[in-house]
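Q: Have a peek at final-v4.tsv (TSV, C-alpha atoms).
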chain	number	residue	atom	x	y	z
A	1	MET	CA	57.96	15.95	50.78
A	2	ASN	CA	55.02	15.36	48.50
A	3	VAL	CA	54.04	12.08	46.80
A	4	TYR	CA	55.94	12.91	43.62
A	5	ALA	CA	59.15	13.71	45.51
A	6	THR	CA	58.78	10.46	47.45
A	7	LEU	CA	58.37	8.45	44.24
A	8	ILE	CA	61.35	10.19	42.64
A	9	LEU	CA	63.43	9.54	45.76
A	10	ALA	CA	62.36	5.87	45.76
A	11	PHE	CA	63.28	5.59	42.09
A	12	ALA	CA	66.67	7.19	42.69
A	13	MET	CA	67.34	4.95	45.70
A	14	SER	CA	66.46	1.87	43.66
A	15	MET	CA	68.95	2.65	40.89
A	16	ASP	CA	71.90	1.14	42.80
A	17	ALA	CA	69.91	-2.06	43.26
A	18	PHE	CA	68.78	-1.97	39.63
A	19	ALA	CA	72.37	-1.54	38.44
A	20	ALA	CA	73.56	-4.38	40.69
A	21	ALA	CA	70.65	-6.61	39.63
A	22	ILE	CA	71.45	-6.08	35.96
A	23	GLY	CA	74.95	-7.29	36.67
A	24	LYS	CA	73.60	-10.22	38.70
A	25	GLY	CA	71.13	-11.06	35.94
A	26	ALA	CA	73.86	-10.88	33.32
A	27	ALA	CA	75.89	-13.32	35.43
A	28	LEU	CA	73.07	-15.89	35.53
A	29	HIS	CA	72.25	-18.45	32.90
A	30	ARG	CA	68.72	-17.55	31.76
A	31	PRO	CA	67.35	-16.02	34.99
A	32	THR	CA	63.78	-17.10	35.78
A	33	LEU	CA	60.89	-15.00	37.05
A	34	LYS	CA	61.14	-16.86	40.37
A	35	GLU	CA	64.80	-15.81	40.75
A	36	ALA	CA	63.91	-12.23	39.80
A	37	ILE	CA	61.14	-12.05	42.42
A	38	ARG	CA	63.38	-13.63	45.06
A	39	THR	CA	66.14	-11.10	44.34
A	40	GLY	CA	63.66	-8.22	44.34
A	41	LEU	CA	62.26	-9.22	47.73
A	42	ILE	CA	65.71	-9.48	49.29
A	43	PHE	CA	66.84	-6.13	47.90
A	44	GLY	CA	63.51	-4.41	48.65
A	45	THR	CA	63.36	-5.58	52.26
A	46	ILE	CA	66.88	-4.45	53.04
A	47	GLU	CA	66.39	-1.17	51.18
A	48	ALA	CA	63.21	-0.47	53.19
A	49	LEU	CA	64.95	-1.08	56.53
A	50	THR	CA	67.99	1.11	55.99
A	51	PRO	CA	66.21	4.50	55.75
A	52	LEU	CA	64.39	3.63	58.99
A	53	ILE	CA	67.73	3.04	60.70
A	54	GLY	CA	69.15	6.27	59.26
A	55	TRP	CA	66.00	8.18	60.25
A	56	ALA	CA	66.33	7.00	63.86
A	57	ILE	CA	69.94	8.16	63.92
A	58	GLY	CA	69.00	11.50	62.36
A	59	LEU	CA	66.04	12.03	64.69
A	60	ALA	CA	68.29	11.66	67.71
A	61	ALA	CA	70.46	14.49	66.39
A	62	SER	CA	67.70	16.68	64.86
A	63	GLN	CA	67.28	19.01	67.81
A	64	TYR	CA	70.86	20.19	67.33
A	65	ILE	CA	70.70	21.09	63.66
A	66	MET	CA	67.10	22.04	62.83
A	67	ALA	CA	68.24	25.51	61.76
A	68	TRP	CA	70.29	24.12	58.89
A	69	ASP	CA	68.53	20.83	58.15
A	70	HIS	CA	68.02	21.66	54.46
A	71	TRP	CA	71.77	22.09	54.06
A	72	VAL	CA	72.33	18.68	55.68
A	73	ALA	CA	69.84	16.99	53.35
A	74	PHE	CA	71.28	18.81	50.32
A	75	THR	CA	74.86	17.89	51.25
A	76	LEU	CA	74.02	14.23	51.90
A	77	LEU	CA	72.15	13.89	48.62
A	78	LEU	CA	74.86	15.75	46.72
A	79	VAL	CA	77.61	13.52	48.12
A	80	LEU	CA	75.60	10.33	47.57
A	81	GLY	CA	74.65	11.35	44.04
A	82	ALA	CA	78.23	12.24	43.18
A	83	ARG	CA	79.40	8.91	44.62
A	84	MET	CA	76.88	7.02	42.50
A	85	ILE	CA	78.00	8.89	39.36
A	86	ILE	CA	81.69	8.25	40.07
A	87	GLU	CA	81.07	4.57	40.86
A	88	GLY	CA	79.00	4.25	37.70
A	89	PHE	CA	81.89	5.46	35.59
A	90	ARG	CA	84.40	3.31	37.48
A	91	ARG	CA	82.42	0.07	37.09
A	92	PRO	CA	84.63	-2.39	35.19
A	93	GLN	CA	83.45	-4.72	32.46
A	94	GLN	CA	82.34	-8.08	33.80
A	95	GLU	CA	84.68	-10.96	32.98
A	96	GLU	CA	83.47	-14.09	31.24
A	97	TYR	CA	82.90	-17.15	33.45
A	98	GLN	CA	80.60	-20.12	33.91
A	99	GLN	CA	77.12	-18.73	34.56
A	100	PRO	CA	75.25	-20.11	37.60
A	101	GLN	CA	71.49	-20.81	37.59
A	102	ARG	CA	70.88	-18.67	40.70
A	103	HIS	CA	72.74	-16.59	43.28
A	104	GLY	CA	73.06	-17.60	46.94
A	105	PHE	CA	71.07	-15.73	49.59
A	106	LEU	CA	74.19	-14.45	51.36
A	107	LEU	CA	75.59	-13.00	48.14
A	108	LEU	CA	72.31	-11.25	47.34
A	109	ALA	CA	71.88	-9.96	50.91
A	110	THR	CA	75.45	-8.64	50.99
A	111	THR	CA	74.95	-6.91	47.66
A	112	ALA	CA	71.64	-5.47	48.86
A	113	VAL	CA	73.26	-4.08	52.02
A	114	ALA	CA	76.08	-2.56	49.98
A	115	THR	CA	73.62	-0.86	47.62
A	116	SER	CA	71.40	0.38	50.46
A	117	ILE	CA	74.00	2.28	52.50
A	118	ASP	CA	72.98	5.44	50.66
A	119	ALA	CA	69.37	4.85	51.74
A	120	MET	CA	70.51	4.93	55.36
A	121	ALA	CA	72.19	8.28	54.81
A	122	VAL	CA	69.05	9.54	53.06
A	123	GLY	CA	67.07	8.37	56.10
A	124	VAL	CA	69.28	10.60	58.27
A	125	GLY	CA	68.43	13.54	56.01
A	126	LEU	CA	64.72	12.68	56.06
A	127	ALA	CA	64.67	12.95	59.86
A	128	PHE	CA	65.34	16.66	59.45
A	129	LEU	CA	62.51	17.10	56.97
A	130	GLN	CA	59.84	15.55	59.20
A	131	VAL	CA	58.42	13.18	56.58
A	132	ASN	CA	56.30	10.06	57.11
A	133	ILE	CA	59.30	7.75	57.30
A	134	VAL	CA	57.31	4.50	57.29
A	135	ALA	CA	55.49	5.37	54.07
A	136	THR	CA	58.72	6.66	52.53
A	137	ALA	CA	60.68	3.54	53.55
A	138	LEU	CA	57.93	1.24	52.23
A	139	THR	CA	57.86	3.16	48.95
A	140	ILE	CA	61.64	2.90	48.64
A	141	GLY	CA	61.48	-0.83	49.45
A	142	ALA	CA	58.68	-1.53	46.98
A	143	MET	CA	60.36	0.43	44.20
A	144	THR	CA	63.65	-1.33	44.91
A	145	ALA	CA	61.96	-4.76	44.82
A	146	LEU	CA	60.41	-3.92	41.45
A	147	MET	CA	63.62	-2.46	40.03
A	148	ALA	CA	65.83	-5.31	41.28
A	149	ALA	CA	63.47	-7.94	39.87
A	150	SER	CA	63.38	-6.07	36.56
A	151	GLY	CA	67.16	-5.74	36.61
A	152	ILE	CA	67.61	-9.49	36.98
A	153	LEU	CA	65.38	-10.16	33.98
A	154	LEU	CA	66.87	-7.37	31.89
A	155	GLY	CA	70.46	-8.14	32.85
A	156	ARG	CA	70.67	-11.04	30.47
A	157	PHE	CA	69.81	-8.77	27.54
A	158	ILE	CA	71.24	-5.43	28.53
A	159	GLY	CA	74.38	-6.54	30.35
A	160	PRO	CA	76.58	-4.71	32.83
A	161	VAL	CA	77.25	-1.68	30.58
A	162	MET	CA	73.68	-0.42	31.05
A	163	GLY	CA	74.03	-1.00	34.79
A	164	LYS	CA	76.78	1.60	34.77
A	165	TRP	CA	74.49	4.18	33.14
A	166	ALA	CA	71.58	3.32	35.44
A	167	GLU	CA	73.77	4.18	38.43
A	168	VAL	CA	74.89	7.44	36.81
A	169	VAL	CA	71.26	8.45	36.18
A	170	GLY	CA	70.40	7.56	39.80
A	171	GLY	CA	73.20	9.84	41.02
A	172	VAL	CA	71.99	12.72	38.87
A	173	VAL	CA	68.45	12.26	40.24
A	174	LEU	CA	69.73	12.32	43.85
A	175	ILE	CA	71.61	15.55	43.20
A	176	GLY	CA	68.47	17.01	41.62
A	177	ILE	CA	66.39	16.10	44.67
A	178	GLY	CA	69.01	17.69	46.93
A	179	CYS	CA	68.92	20.88	44.87
A	180	SER	CA	65.12	20.87	44.97
A	181	ILE	CA	65.13	20.59	48.77
A	182	LEU	CA	67.60	23.44	49.07
A	183	VAL	CA	65.67	25.68	46.67
A	184	GLU	CA	62.40	24.94	48.47
A	185	HIS	CA	63.78	25.66	51.94
A	186	LEU	CA	65.58	28.83	50.88
A	187	GLY	CA	62.45	30.07	49.12
A	188	LEU	CA	64.33	30.84	45.92
A	189	LEU	CA	61.32	30.13	43.69
A	190	SER	CA	58.79	32.08	45.74
What do you get writing this file as structure tokens?

A:
Amino acid sequence: MNVYATLILAFAMSMDAFAAAIGKGAALHRPTLKEAIRTGLIFGTIEALTPLIGWAIGLAASQYIMAWDHWVAFTLLLVLGARMIIEGFRRPQQEEYQQPQRHGFLLLATTAVATSIDAMAVGVGLAFLQVNIVATALTIGAMTALMAASGILLGRFIGPVMGKWAEVVGGVVLIGIGCSILVEHLGLLS
């Protein structure tokens, strides 16, 4: 994967966190920059760790499926992208309630883990593509930290409806990356 593909992947992986952070920001009473940075760091750290875990799992199995690795990556990204699109359309409207000043660490960490499961699966696929997993994971983590912090600050203004569309766009991007990997490995554009 080249630098551009890595940045696009990081952006796509951060869309779940961005969508969740918009909802979290919309739930807060006037979120501060400090709360946005705190949320971004929690989400980014967890999002950087999960592709490393997935990569280790994928590397252990890579010798058995090297002949069809591009199909594995394509299928994983297709399924994850489709899941993000479906979840984006299923996301209900947020109910009105008393807005807190900040979210607890456990709530943010649990949300971050839930939004980073797809990054673990992507890490499995990356093991078959022989990429620099540390650089890729750090890029995903940094992009997620930035997007989650932005989502907290924007959530108050944009609200949960935009979070739904952010997740849909992230799913479309994942499917596009999967198609790109498949096209590249099959040599269809040569």

Q: In Å, with one decimal, what is the gap from CA of Val72 (chain A) to CA of Phe43 (chain A)?

A: 26.6 Å

Q: Find the spatial neighbours of Pro51 (chain A), counting all atoms listed in the file, within a cut-off of 9 Å - ignore same-chain residues fewer than 4 positions away - and output them as number ranges by chain.

A: A: 47, 55-56, 116-124, 126, 133, 136-137, 140

Q: Taking all atoms listed in the file into account, which of A:Gly178, A:Gly171, A:Gly187, A:Gly104 comes nearest Thr39 (chain A)?

A: A:Gly104

Q: For a quick check of understanding, using only C-alpha atoms, which of A:Leu107, A:Ala26, A:Leu174, A:Ile42 has the smallest distance to Met13 (chain A)?

A: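 Selected residue with least distance to Met13 (chain A): A:Leu174.
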
Q: Check the smallest atom-to-atom distance from each of A:Met143, A:Ala19, A:Leu129, A:Ala114 to Phe74 (chain A) using all atoms listed in the file, then report the winner.

A: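 Smallest separation from Phe74 (chain A) among the options: A:Leu129.
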
Q: Distance CA of Pro31 (chain A)-CA of Thr50 (chain A), one decimal place?

A: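 Between CA of Pro31 (chain A) and CA of Thr50 (chain A) the gap works out to 27.1 Å.
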
Q: Provide an axis-aligned box for all listed atoms of region 27-42 of chain A, padding each side by 5 Å; report its centre and its edge lengths in Å to one decimal, as AutoDock Vina command-line options.

A:
--center_x 68.4 --center_y -13.3 --center_z 40.5 --size_x 25.0 --size_y 20.2 --size_z 27.5

Q: Nearest residue to Val169 (chain A) out of A:Leu106, A:Met84, A:Leu138, A:Ile57, using all atoms listed in the file?

A: A:Met84

Q: Of the candidates A:Ile85, A:Leu186, A:Ile22, A:Val172, which one gets nearest to Trp71 (chain A) if we count all atoms listed in the file?

A: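 Going through A:Ile85, A:Leu186, A:Ile22, A:Val172 one by one, the smallest distance to Trp71 (chain A) is for A:Leu186.
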
Q: Record the distance separating CA of Arg30 (chain A) and CA of Arg156 (chain A), expressed in Å with one decimal.

A: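 Answer for the CA of Arg30 (chain A) to CA of Arg156 (chain A) separation: 6.9 Å.
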
Q: Would you pick out the contacts of Leu33 (chain A) at 9 Å or less, using all atoms listed in the file, so that residues sharing its chain but fewer than 4 positions from it are not included, and give the list as a VMD selection string?

A: chain A and resid 37 to 38 149 152 to 153

Q: Using only C-alpha atoms, which residues sit within 8 Å of Ala5 (chain A) once same-chain residues fewer than 4 positions away are excluded, as a list in words?

A: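 Here the qualifying residues turn out to be Met1, Leu9 and Ile177 of chain A.
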